[in-house]
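Visitor: What follows is run_34.txt, made up of compact mmCIF, C-alpha atoms:
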```txt
# COMPACT_ATOMS: atom_id res chain seq x y z
CA GLU E 1 -11.30 35.10 35.65
CA PRO E 2 -11.51 34.30 39.37
CA LEU E 3 -14.83 34.87 41.11
CA LEU E 4 -13.18 36.99 43.76
CA GLU E 5 -10.15 39.19 43.56
CA VAL E 6 -8.89 41.83 45.95
CA ARG E 7 -10.09 45.24 44.80
CA TRP E 8 -8.41 48.01 46.72
CA PRO E 9 -10.14 51.35 47.16
CA GLY E 10 -7.53 52.92 44.88
CA ALA E 11 -5.63 56.16 45.28
CA ARG E 12 -8.08 57.49 47.82
CA GLU E 13 -7.74 55.20 50.83
CA SER E 14 -10.89 54.53 52.85
CA LEU E 15 -11.30 56.46 56.08
CA VAL E 16 -11.08 53.14 57.95
CA THR E 17 -7.67 52.33 56.43
CA MET E 18 -6.38 55.84 56.98
CA ALA E 19 -7.12 55.57 60.71
CA MET E 20 -5.08 52.34 61.03
CA ALA E 21 -1.43 51.81 61.71
CA PRO E 22 0.46 50.76 58.52
CA ASP E 23 1.39 47.39 60.06
CA ASP E 24 -2.25 46.66 60.85
CA VAL E 25 -3.28 47.49 57.29
CA GLU E 26 -0.60 45.18 55.84
CA ASP E 27 -1.65 42.41 58.22
CA LEU E 28 -5.30 42.70 57.10
CA LYS E 29 -4.27 42.72 53.42
CA LYS E 30 -2.19 39.60 53.98
CA ARG E 31 -5.09 37.80 55.73
CA LEU E 32 -7.44 38.83 52.96
CA ARG E 33 -5.16 37.41 50.25
CA GLN E 34 -4.86 34.14 52.20
CA HIS E 35 -8.63 33.75 52.58
CA ASP E 36 -9.25 34.57 48.91
CA GLN E 37 -6.60 32.07 47.82
CA MET E 38 -8.08 29.37 50.08
CA TYR E 39 -11.57 30.18 48.82
CA ALA E 40 -10.47 29.70 45.21
CA SER E 41 -8.56 26.53 46.10
CA MET E 42 -11.51 24.96 47.95
CA GLN E 43 -13.82 25.84 45.04
CA GLN E 44 -11.49 24.11 42.60
CA GLN E 45 -11.30 21.04 44.85
CA GLY E 46 -15.10 20.78 44.97
CA LYS E 47 -15.31 21.62 48.69
CA PRO E 48 -18.06 24.27 48.77
CA PHE E 49 -18.57 24.34 52.55
CA GLU E 50 -14.88 24.86 53.24
CA ALA E 51 -14.84 27.52 50.50
CA LEU E 52 -17.79 29.25 52.15
CA GLU E 53 -15.91 29.46 55.45
CA HIS E 54 -13.03 31.34 53.81
CA LEU E 55 -15.46 33.50 51.85
CA GLU E 56 -17.11 34.54 55.13
CA LYS E 57 -13.77 35.28 56.81
CA GLY E 58 -12.68 37.28 53.78
CA LEU E 59 -15.94 39.24 53.97
CA PHE E 60 -15.31 40.33 57.55
CA VAL E 61 -11.66 41.19 56.84
CA ARG E 62 -12.90 43.39 53.98
CA LYS E 63 -15.36 45.06 56.35
CA GLU E 64 -12.55 45.80 58.78
CA LEU E 65 -10.20 46.96 56.05
CA PHE E 66 -12.53 49.02 53.85
CA GLY E 67 -15.48 49.82 56.13
CA PRO E 68 -19.00 48.30 56.02
CA GLU E 69 -20.34 50.66 53.34
CA HIS E 70 -17.61 50.05 50.78
CA PRO E 71 -18.87 48.54 47.46
CA GLU E 72 -16.31 45.71 47.76
CA VAL E 73 -17.96 44.58 50.99
CA GLY E 74 -21.42 44.67 49.41
CA ARG E 75 -20.24 42.74 46.34
CA VAL E 76 -18.70 39.91 48.35
CA CYS E 77 -21.70 39.90 50.68
CA GLN E 78 -23.93 39.19 47.66
CA VAL E 79 -21.76 36.24 46.65
CA PHE E 80 -21.73 34.94 50.22
CA THR E 81 -25.50 35.27 50.68
CA THR E 82 -26.20 33.50 47.39
CA SER E 83 -23.84 30.67 48.41
CA CYS E 84 -25.52 30.41 51.83
CA ASN E 85 -28.89 29.88 50.16
CA THR E 86 -27.57 27.32 47.66
CA LEU E 87 -25.71 25.28 50.28
CA ALA E 88 -28.61 25.54 52.74
CA MET E 89 -30.94 23.85 50.26
CA ASN E 90 -28.27 21.24 49.47
CA SER E 91 -27.99 20.55 53.21
CA LEU E 92 -31.78 20.32 53.53
CA GLN E 93 -31.87 17.71 50.76
CA ARG E 94 -29.39 15.67 52.81
CA ASP E 95 -31.50 16.16 55.99
CA ASN E 96 -28.78 18.24 57.65
CA HIS E 97 -31.38 20.56 59.14
CA MET E 98 -29.14 22.33 61.65
CA LEU E 99 -26.63 23.42 59.00
CA ALA E 100 -29.41 24.47 56.63
CA TYR E 101 -30.96 26.63 59.36
CA GLU E 102 -27.63 28.27 60.27
CA LEU E 103 -26.90 29.16 56.64
CA LEU E 104 -30.38 30.57 56.01
CA LYS E 105 -30.21 32.58 59.23
CA LYS E 106 -26.94 34.17 58.06
CA ALA E 107 -28.58 35.02 54.75
CA GLU E 108 -31.58 36.51 56.54
CA ILE E 109 -29.36 38.75 58.70
CA LEU E 110 -27.19 39.89 55.79
CA THR E 111 -30.21 40.77 53.60
CA SER E 112 -31.81 42.93 56.27
CA PRO E 113 -31.84 46.72 55.67
CA SER E 114 -29.02 47.01 58.23
CA GLY E 115 -26.88 44.44 56.40
CA TYR E 116 -23.89 45.09 54.13
CA ILE E 117 -25.58 44.89 50.71
CA SER E 118 -25.81 48.50 49.54
CA ASP E 119 -27.47 47.59 46.22
CA ASN E 120 -31.07 47.65 47.44
CA LYS E 121 -32.47 45.89 44.37
CA MET E 122 -30.11 42.96 44.86
CA ARG E 123 -30.67 42.94 48.63
CA VAL E 124 -34.45 42.70 48.21
CA LYS E 125 -34.10 39.98 45.57
CA LEU E 126 -31.84 37.88 47.82
CA ARG E 127 -34.15 38.47 50.79
CA ALA E 128 -37.11 37.06 48.84
CA VAL E 129 -35.02 34.01 47.89
CA THR E 130 -34.01 33.53 51.53
CA PHE E 131 -37.59 33.77 52.81
CA ASN E 132 -38.74 31.31 50.14
CA ASN E 133 -36.03 28.86 51.14
CA PHE E 134 -36.95 29.29 54.81
CA GLY E 135 -40.51 28.38 53.79
CA CYS E 136 -39.23 25.19 52.15
CA PHE E 137 -37.12 24.48 55.24
CA TYR E 138 -40.03 24.70 57.67
CA LYS E 139 -42.33 22.76 55.31
CA ARG E 140 -39.74 19.98 55.21
CA ARG E 141 -39.62 20.01 59.02
CA GLY E 142 -43.41 19.74 59.19
CA LYS E 143 -43.77 23.24 60.72
CA LEU E 144 -46.39 24.34 58.24
CA HIS E 145 -47.55 27.56 59.91
CA ALA E 146 -43.98 28.84 60.13
CA ALA E 147 -43.54 27.89 56.45
CA LEU E 148 -46.64 29.90 55.55
CA GLN E 149 -45.32 32.96 57.36
CA TYR E 150 -42.01 32.94 55.49
CA LEU E 151 -43.61 32.20 52.12
CA ALA E 152 -46.07 35.05 52.66
CA LYS E 153 -43.12 37.38 53.39
CA ALA E 154 -41.42 36.23 50.18
CA LEU E 155 -44.56 36.76 48.14
CA LYS E 156 -45.09 40.25 49.58
CA ILE E 157 -41.58 41.25 48.42
CA GLU E 158 -42.08 39.66 45.00
CA LEU E 159 -45.41 41.40 44.43
CA THR E 160 -44.13 44.84 45.44
CA SER E 161 -40.74 44.81 43.71
CA GLU E 162 -40.09 44.64 39.98
CA GLU E 163 -36.51 43.45 40.41
CA VAL E 164 -37.26 40.03 41.91
CA ASP E 165 -37.84 36.80 40.04
CA ASN E 166 -41.24 35.58 38.94
CA PRO E 167 -43.30 34.77 42.08
CA ALA E 168 -44.85 31.68 40.43
CA GLY E 169 -42.55 29.38 42.42
CA THR E 170 -43.61 31.00 45.69
CA HIS E 171 -47.28 30.58 44.77
CA LEU E 172 -46.64 26.86 44.16
CA ASN E 173 -44.82 26.51 47.50
CA LEU E 174 -47.78 28.19 49.21
CA CYS E 175 -50.13 25.83 47.36
CA ALA E 176 -48.26 22.75 48.59
CA THR E 177 -48.11 24.02 52.17
CA LEU E 178 -51.79 25.00 52.31
CA SER E 179 -52.70 21.62 50.81
CA GLN E 180 -50.89 19.85 53.63
CA LEU E 181 -52.92 21.93 56.07
CA GLY E 182 -56.12 20.78 54.35
CA ARG E 183 -56.86 24.28 53.01
CA HIS E 184 -57.51 23.16 49.44
CA GLY E 185 -59.52 26.21 48.31
CA PRO E 186 -56.71 28.74 48.95
CA ALA E 187 -54.17 26.17 47.71
CA LEU E 188 -55.99 25.98 44.37
CA GLU E 189 -56.03 29.77 44.11
CA HIS E 190 -52.26 29.98 44.54
CA ALA E 191 -51.68 27.26 41.94
CA GLN E 192 -53.92 29.12 39.49
CA CYS E 193 -52.02 32.36 40.18
CA ALA E 194 -48.78 30.56 39.36
CA LEU E 195 -50.27 29.23 36.12
CA GLU E 196 -51.46 32.69 35.05
CA LEU E 197 -48.04 34.22 35.73
CA LEU E 198 -46.20 31.48 33.84
CA GLU E 199 -48.53 31.67 30.84
CA ALA E 200 -48.20 35.47 30.76
CA MET E 201 -44.39 35.11 30.78
CA GLN E 202 -44.58 32.57 27.98
CA ASP E 203 -46.74 34.93 25.90
CA THR E 204 -44.21 37.72 26.45
CA LYS E 205 -41.33 35.47 25.37
CA ASP E 206 -43.24 34.35 22.28
CA GLN E 207 -43.87 37.99 21.34
CA ASN E 208 -40.18 38.80 21.82
CA LYS E 209 -39.20 35.93 19.52
CA GLU E 210 -41.63 37.12 16.85
CA SER E 211 -40.19 40.64 17.05
CA GLY E 212 -36.64 39.32 16.81
CA GLY E 213 -35.77 39.63 20.48
CA PHE E 214 -33.72 37.17 22.46
CA GLY E 215 -34.64 35.41 25.67
CA SER E 216 -32.84 33.10 28.06
CA SER E 217 -33.25 29.48 26.99
CA GLN E 218 -32.38 28.34 30.50
CA ASN E 219 -35.21 30.38 32.01
CA THR E 220 -37.61 29.14 29.35
CA THR E 221 -36.81 25.56 30.30
CA ASP E 222 -37.24 26.29 33.99
CA ASP E 223 -40.55 28.04 33.40
CA GLY E 224 -41.75 25.12 31.29
CA SER E 225 -40.90 22.68 34.07
CA ILE E 226 -42.71 24.83 36.64
CA LEU E 227 -45.68 25.04 34.26
CA ALA E 228 -46.04 21.25 34.37
CA ILE E 229 -45.93 21.35 38.18
CA ALA E 230 -48.54 24.13 38.21
CA TRP E 231 -50.98 22.07 36.11
CA HIS E 232 -50.36 19.04 38.33
CA ASN E 233 -50.94 21.01 41.54
CA ILE E 234 -54.13 22.54 40.15
CA ALA E 235 -55.38 19.05 39.30
CA VAL E 236 -54.56 17.70 42.76
CA GLU E 237 -56.43 20.53 44.50
CA GLN E 238 -59.40 20.20 42.13
CA GLU E 239 -59.52 16.51 42.96
CA HIS E 240 -59.48 17.29 46.70
CA LEU E 241 -62.38 19.70 46.15
CA GLY E 242 -64.42 17.09 44.24
CA MET E 243 -63.96 18.83 40.87
CA LEU E 244 -63.09 15.60 39.05
CA ASP E 245 -63.87 16.68 35.47
CA SER E 246 -61.75 19.81 35.87
CA ALA E 247 -59.01 17.77 37.52
CA LEU E 248 -58.88 15.37 34.55
CA THR E 249 -58.47 18.28 32.14
CA SER E 250 -55.69 19.78 34.29
CA TYR E 251 -53.86 16.45 34.60
CA GLU E 252 -54.02 16.06 30.81
CA GLN E 253 -52.53 19.54 30.36
CA GLY E 254 -49.84 18.63 32.87
CA VAL E 255 -48.94 15.49 30.92
CA ILE E 256 -48.70 17.46 27.65
CA VAL E 257 -46.32 20.02 29.18
CA ALA E 258 -44.32 17.35 31.07
CA GLU E 259 -43.77 15.28 27.91
CA ARG E 260 -42.61 18.40 26.09
CA GLU E 261 -40.28 19.57 28.87
CA TRP E 262 -39.01 16.34 30.45
CA GLY E 263 -39.82 13.61 27.93
CA ALA E 264 -42.43 10.83 28.02
CA GLY E 265 -40.25 8.45 30.04
CA HIS E 266 -39.13 10.90 32.74
CA ILE E 267 -40.03 9.93 36.29
CA LYS E 268 -41.95 13.20 36.87
CA THR E 269 -43.91 12.74 33.64
CA LEU E 270 -44.77 9.17 34.62
CA ALA E 271 -45.93 10.38 38.05
CA ILE E 272 -48.38 12.87 36.47
CA LYS E 273 -49.59 10.17 34.05
CA HIS E 274 -50.17 7.83 37.01
CA SER E 275 -52.19 10.53 38.79
CA LEU E 276 -54.23 11.02 35.61
CA GLU E 277 -55.01 7.31 35.35
CA GLU E 278 -56.04 7.16 39.00
CA ALA E 279 -58.33 10.17 38.53
CA LYS E 280 -59.86 8.55 35.43
CA HIS E 281 -60.53 5.39 37.42
CA LYS E 282 -62.11 7.39 40.24
CA ALA E 283 -64.29 9.29 37.74
CA SER E 284 -65.47 6.11 36.01
CA THR E 285 -66.31 4.52 39.37
CA ARG E 286 -68.40 7.53 40.38
CA ARG E 287 -70.27 7.57 37.07
CA ALA E 288 -71.10 3.86 37.20
CA PRO E 289 -74.64 2.98 38.40
CA VAL E 290 -74.62 2.36 42.12
CA LYS E 291 -75.74 -1.17 42.97
CA PRO E 292 -77.42 -1.71 46.35
CA HIS E 293 -75.22 -3.56 48.78
CA ALA E 294 -76.51 -6.99 49.81
CA GLY E 295 -77.45 -7.51 53.42
CA HIS E 296 -78.70 -3.97 54.07
CA SER E 297 -82.37 -3.08 54.34
CA ALA E 298 -84.17 0.23 54.30
CA GLY E 299 -85.88 -0.59 57.55
```
Output the structure of this file as structure tokens.
Guide:
Amino acid sequence: EPLLEVRWPGARESLVTMAMAPDDVEDLKKRLRQHDQMYASMQQQGKPFEALEHLEKGLFVRKELFGPEHPEVGRVCQVFTTSCNTLAMNSLQRDNHMLAYELLKKAEILTSPSGYISDNKMRVKLRAVTFNNFGCFYKRRGKLHAALQYLAKALKIELTSEEVDNPAGTHLNLCATLSQLGRHGPALEHAQCALELLEAMQDTKDQNKESGGFGSSQNTTDDGSILAIAWHNIAVEQEHLGMLDSALTSYEQGVIVAEREWGAGHIKTLAIKHSLEEAKHKASTRRAPVKPHAGHSAG
């Protein structure tokens, strides 16, 4: 089934359509079919940015044809906003910062209360995703205070709305940003919040399995991967704060989770193991008796 198909208002024409000349309505319907066909074609050809252009044009034709409050407009706006976020992060990975910013800005505008997404639960969820991605964008650009502002906005939405995804990822993004600013105490707190949320989710999923319920295996895998990152980030912040014994324990937990989720030979697992070995070396050096340096006198 195609992702998008033209859904007409049905027997009761929208007030917008009724106010138009028949030729104008047919022209808009023709343009809409063309954009939807090009969108599907570009998707099939693996050209997501070209597809997005036709998706956006189709969205605005729908707005003109059906009116901004029609469910069809809101539905396509959700698809478009999700695509903007996905392609923005892809662009950021390729260091195309200007395109990433433009796409995120479109998503920010469309998820505002005055945007076209009438489903408020979905609008709020997409807004939190957009703010989180803006946080990653500014962190990547080295604008850490701007990153903090957007991540704080995302977290506020996530903590006050039940419909959004687990805020553990936002806590970890805040941890990484605060760490870069040298604020290791608050960074550790956010990493610990993430860990608590992830472990609580895991307990809930385990209880559901025991009671015969079903959970999403994909989400379980994602949560497990984030759990390894949470342990690693906790260890790093503990190390910054001079809590070496605690850091060693956290690194070890991180390695256990990483081996379970990614495998012993995965590059991320090896990175956590390397950090553990370095922390062990640092701890053994600190515990060794300090020998006086030659050539220095007390007087």
Visitor: If you count only C-alpha atoms, which residues fall within 9 Å of segment 254-259 of chain E, apart from same-chain ones fewer than 3 positions away, as an MDAnalysis selection string?
Guide: chainID E and resid 224:225 227:232 235 249:251 262:266 268:270 272:273 276
Visitor: At what distance in Å, to one decimal, does atom CA of Gly242 of chain E lie from atom CA of Ala176 of chain E?
Guide: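 For atom CA of Ala176 of chain E relative to atom CA of Gly242 of chain E, the distance reads 17.7 Å.
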Visitor: Of the candidates E:Lys156, E:Lys29, E:His35, E:Arg140, which one gets nearest to Tyr101 of chain E if we count only C-alpha atoms?
Guide: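 When distances to Tyr101 of chain E are compared using only C-alpha atoms, the smallest one comes from E:Arg140.
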Visitor: Between atom CA of Met98 of chain E and atom CA of Leu32 of chain E, what is the spacing in Å?
Guide: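 Rounded to one decimal, the two atoms are 28.6 Å apart.
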Visitor: Give the answer as one residue: which of E:Ala107, E:Met122, E:Ala100, E:Met89 has the shortest atom-to-atom distance to Glu163 of chain E, using all atoms listed in the file?
Guide: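 Closest to Glu163 of chain E of all the choices is E:Met122.
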Visitor: What is the atom CA of Gly142 of chain E-atom CA of Ala128 of chain E distance in Å, reported with one decimal?
Guide: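 Going from atom CA of Gly142 of chain E over to atom CA of Ala128 of chain E, I get 21.1 Å.
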Visitor: Determine the nearest neighbour of Leu104 of chain E from the options E:Asn90, E:Ser161, E:Phe134, E:Gln78, counting all atoms listed in the file.
Guide: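 Closest candidate: E:Phe134.
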Visitor: Show me, as a ChimeraX atom specification, the residues that have an atom within 7 Å of segment 186-203 of chain E when counting only C-alpha atoms, minus same-chain residues fewer than 2 positions from it.
Guide: /E:168,171-172,174-176,178-179,183-184,205-207,223,227,230,233-234,237
Visitor: Filtering to C-alpha atoms, could you give me those residues as a compact mmCIF listing (two decimals), in the frame of the given file?
Guide:
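Result saved to again_39.txt:
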```txt
# COMPACT_ATOMS: atom_id res chain seq x y z
CA ALA E 168 -44.85 31.68 40.43
CA HIS E 171 -47.28 30.58 44.77
CA LEU E 172 -46.64 26.86 44.16
CA LEU E 174 -47.78 28.19 49.21
CA CYS E 175 -50.13 25.83 47.36
CA ALA E 176 -48.26 22.75 48.59
CA LEU E 178 -51.79 25.00 52.31
CA SER E 179 -52.70 21.62 50.81
CA ARG E 183 -56.86 24.28 53.01
CA HIS E 184 -57.51 23.16 49.44
CA LYS E 205 -41.33 35.47 25.37
CA ASP E 206 -43.24 34.35 22.28
CA GLN E 207 -43.87 37.99 21.34
CA ASP E 223 -40.55 28.04 33.40
CA LEU E 227 -45.68 25.04 34.26
CA ALA E 230 -48.54 24.13 38.21
CA ASN E 233 -50.94 21.01 41.54
CA ILE E 234 -54.13 22.54 40.15
CA GLU E 237 -56.43 20.53 44.50
```
Visitor: For segment 114-118 of chain E, find every residue with an atom within 9 Å (counting all atoms listed in the file), except residues of its own chain fewer than 2 positions away, and show them as a list in words.
Guide: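 Counting only the stated atoms, we get Lys63, Pro68, Glu69, His70, Pro71, Val73, Gly74, Arg75, Val76, Cys77, Gln78, Ile109, Leu110, Thr111, Ser112, Asn120, Lys121, Met122 and Arg123 of chain E.
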Visitor: Write out as an MDAnalysis selection string the residues lying within 9 Å of Leu155 of chain E, counting only C-alpha atoms and excluding same-chain residues fewer than 5 positions away.
Guide: chainID E and resid 128 131:132 150 160 167 170:171
